[in-house]
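J.: Sharing a structure here in C-alpha cells format.
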Amino acid sequence: GQQLNQSPQSMFIQEGEDVSMNCTSSSIFNTWLWYKQEPGEGPVLLIALYKAGELTSNGRLTAQFGITRKDSFLNISASIPSDVGIYFCAGQLRGSQGNLIFGKGTKLSVKP
Amino acid sequence: NAGVTQTPKFQVLKTGQSMTLQCAQDMNHNSMYWYRQDPGMGLRLIYYSASEGTTDKGEVPNGYNVSRLNKREFSLRLESAAPSQTSVYFCASSGHIMNTEAFFGQGTRLTVV
C-alpha cells in the first residue's frame, strides 16, 4: 500500500528547544494533517493543510504543505513538557476519498 | 459534548470468539471510520462509511465486518477473533467523506489470547 515516511522516529529534547519533524512520500497528496496522540487517548487534530505551499500556525506549532505535494513538516517552537506524545502525519491521496494514510509517528520526549 | 464514544475500552477474547465494538458520534457527521493501531505501524483503515447506508473496505478489512446502524452509530464486528487482531481500535468521524479532518474516539484495546 501507499506509505508515508515520517522522521525522526523519536526525539529526546530539552525544554525550550525547537522541534522539527517531517513526512515524505512518492505520491501526491491533496491534504496533509498533523495529529498528536497521548497515552491511552485517540489522536487529536493539530493542523490541517489543503494547498501546496500553505503554511499554517496553531500557537507554537507551524506546519507546511510541500510545494511538490509529496511532503509536509511540523515545527514546534519553545517546547514544554506537555508537548510529550506521539505526533502523526496523515494525508489523503489525490483522487481518493475517505482513506487517510498515516505515518508511523514521531515520539517526542521533553526533559524539564 | 462527548464527540466520538467507543465501547468497551478494554476487552480480552479467546481465539474464535466473536464480539462487536460500538462507536457513536454526536457531531452530526456523515462519515465514520474504523482504524487499528499496532506498535510502530501508525493507524490503518479497516472500513469506512461515507454516509448512512454505505460502507467500504479500507486497507485491512479481512476478518472484520461493519454496520452503519444509523447516522450516529458505526459498529465493527469480529466474527472469529484471531491473535493477529490484538490491537487498539479507533473509531473516527468527519463531516463528509471529502473532509479529512477526522475526530477520534479514545480507542478500544483488544487482546486475543
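Chain labels A, B, ... are given in the sequence in which chains occur in the C-alpha cells; within each chain residues are numbered consecutively from 1, and ligands are likewise numbered from 1 in the order shown.
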Find the residues in chain B near chain A: any atom within 12 Å counts, using only C-alpha atoms. Write them as a VMD selection string.

T.: chain B and resid 3 to 6 9 to 10 30 to 51 55 to 60 88 to 109

J.: Kindly save the residues from that selection, with C-alpha atoms included, as a CSV table (one decimal), in the first residue's frame.

T.:
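Result file follows (result.csv):
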chain,number,residue,atom,x,y,z
B,3,GLY,CA,-17.7,13.7,20.4
B,4,VAL,CA,-16.9,10.1,19.5
B,5,THR,CA,-17.6,7.5,22.1
B,6,GLN,CA,-16.3,3.9,21.9
B,9,LYS,CA,-12.4,0.5,26.4
B,10,PHE,CA,-10.8,-2.9,27.1
B,30,ASN,CA,-21.9,12.0,7.7
B,31,SER,CA,-18.7,9.9,7.5
B,32,MET,CA,-17.3,7.4,10.0
B,33,TYR,CA,-14.2,5.2,10.1
B,34,TRP,CA,-12.6,2.3,11.9
B,35,TYR,CA,-8.8,2.1,12.3
B,36,ARG,CA,-6.5,-0.2,14.0
B,37,GLN,CA,-3.2,0.8,15.6
B,38,ASP,CA,-0.3,-1.6,16.1
B,39,PRO,CA,3.1,-0.7,17.6
B,40,GLY,CA,5.3,1.1,15.2
B,41,MET,CA,2.6,0.9,12.4
B,42,GLY,CA,0.7,4.1,12.7
B,43,LEU,CA,-3.1,3.8,12.0
B,44,ARG,CA,-4.5,1.6,9.3
B,45,LEU,CA,-8.0,1.9,7.9
B,46,ILE,CA,-10.2,-1.2,8.3
B,47,TYR,CA,-13.6,0.1,6.9
B,48,TYR,CA,-15.3,3.3,6.4
B,49,SER,CA,-18.8,4.6,5.8
B,50,ALA,CA,-19.1,7.7,3.6
B,51,SER,CA,-22.7,8.2,4.6
B,55,THR,CA,-19.8,1.0,3.8
B,56,ASP,CA,-16.5,0.4,2.0
B,57,LYS,CA,-13.3,-1.6,2.7
B,58,GLY,CA,-10.2,0.2,3.7
B,59,GLU,CA,-6.6,-1.1,3.8
B,60,VAL,CA,-7.0,-4.1,6.1
B,88,VAL,CA,-6.0,-0.8,19.6
B,89,TYR,CA,-9.1,0.0,17.6
B,90,PHE,CA,-10.1,3.6,16.9
B,91,CYS,CA,-13.4,4.9,15.6
B,92,ALA,CA,-13.4,8.3,13.9
B,93,SER,CA,-15.9,10.6,12.2
B,94,SER,CA,-15.7,13.6,9.8
B,95,GLY,CA,-18.3,16.0,8.4
B,96,HIS,CA,-18.2,14.3,5.0
B,97,ILE,CA,-16.1,11.9,3.1
B,98,MET,CA,-14.0,14.7,1.4
B,99,ASN,CA,-13.5,16.4,4.7
B,100,THR,CA,-10.5,14.7,6.1
B,101,GLU,CA,-10.5,16.4,9.5
B,102,ALA,CA,-11.4,13.3,11.4
B,103,PHE,CA,-12.2,13.3,15.1
B,104,PHE,CA,-11.2,10.2,17.0
B,105,GLY,CA,-12.6,8.2,19.9
B,106,GLN,CA,-10.5,7.1,22.9
B,107,GLY,CA,-9.9,3.6,21.5
B,108,THR,CA,-10.7,0.0,22.4
B,109,ARG,CA,-7.7,-2.1,23.5

J.: Within 6 Å of Phe29 of chain A, counting only C-alpha atoms, which residues show up once you throw out same-chain ones fewer than 3 positions away? Write them as a VMD selection string, please.

T.: chain A and resid 69 92 to 94

J.: Hey, which of B:Thr86, B:Asn65, B:Thr7, B:Thr111 ends up closest to Cys23 of chain B? Count only C-alpha atoms.

T.: B:Thr7

J.: Separation of atom CA of Ser25 of chain A and atom CA of Ile67 of chain A, in Å?

T.: 12.8 Å

J.: Which residues are close to Ser77 of chain A, i.e. within 10 Å by only C-alpha atoms, leaving aside same-chain residues fewer than 6 positions away? Reply as a ChimeraX atom specification.

T.: /A:16-20,59-62

J.: Write the residues of the selection above to a file with C-alpha atoms, as a PDB file, in the first residue's frame.

T.:
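Saved result, selection15.pdb, follows:
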ATOM      1  CA  GLY A  16      12.686  25.263  25.477  1.00  0.00           C
ATOM      2  CA  GLU A  17      14.218  23.718  22.356  1.00  0.00           C
ATOM      3  CA  ASP A  18      12.572  23.834  18.965  1.00  0.00           C
ATOM      4  CA  VAL A  19      11.443  20.616  17.275  1.00  0.00           C
ATOM      5  CA  SER A  20      11.094  19.711  13.631  1.00  0.00           C
ATOM      6  CA  GLY A  59       0.083  28.546  18.734  1.00  0.00           C
ATOM      7  CA  ARG A  60       3.660  27.274  18.940  1.00  0.00           C
ATOM      8  CA  LEU A  61       3.033  24.778  16.129  1.00  0.00           C
ATOM      9  CA  THR A  62       3.691  25.533  12.476  1.00  0.00           C
TER      10      THR A  62
END

J.: Mind listing the strand (DSSP E or B) residues of chain A, per DSSP on the backbone, as a VMD selection string?

T.: chain A and resid 5 to 7 10 to 14 19 to 24 29 to 37 44 to 49 55 to 58 61 to 65 71 to 76 85 to 93 100 to 102 106 to 111

J.: Separation of atom CA of Phe73 of chain A and atom CA of Glu54 of chain A, in Å?

T.: 11.0 Å

J.: Mind giving me the straight-line distance from atom CA of Ala2 of chain B to atom CA of Asp26 of chain B in Å, one decimal?

T.: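 Going from atom CA of Ala2 of chain B over to atom CA of Asp26 of chain B, I get 6.9 Å.
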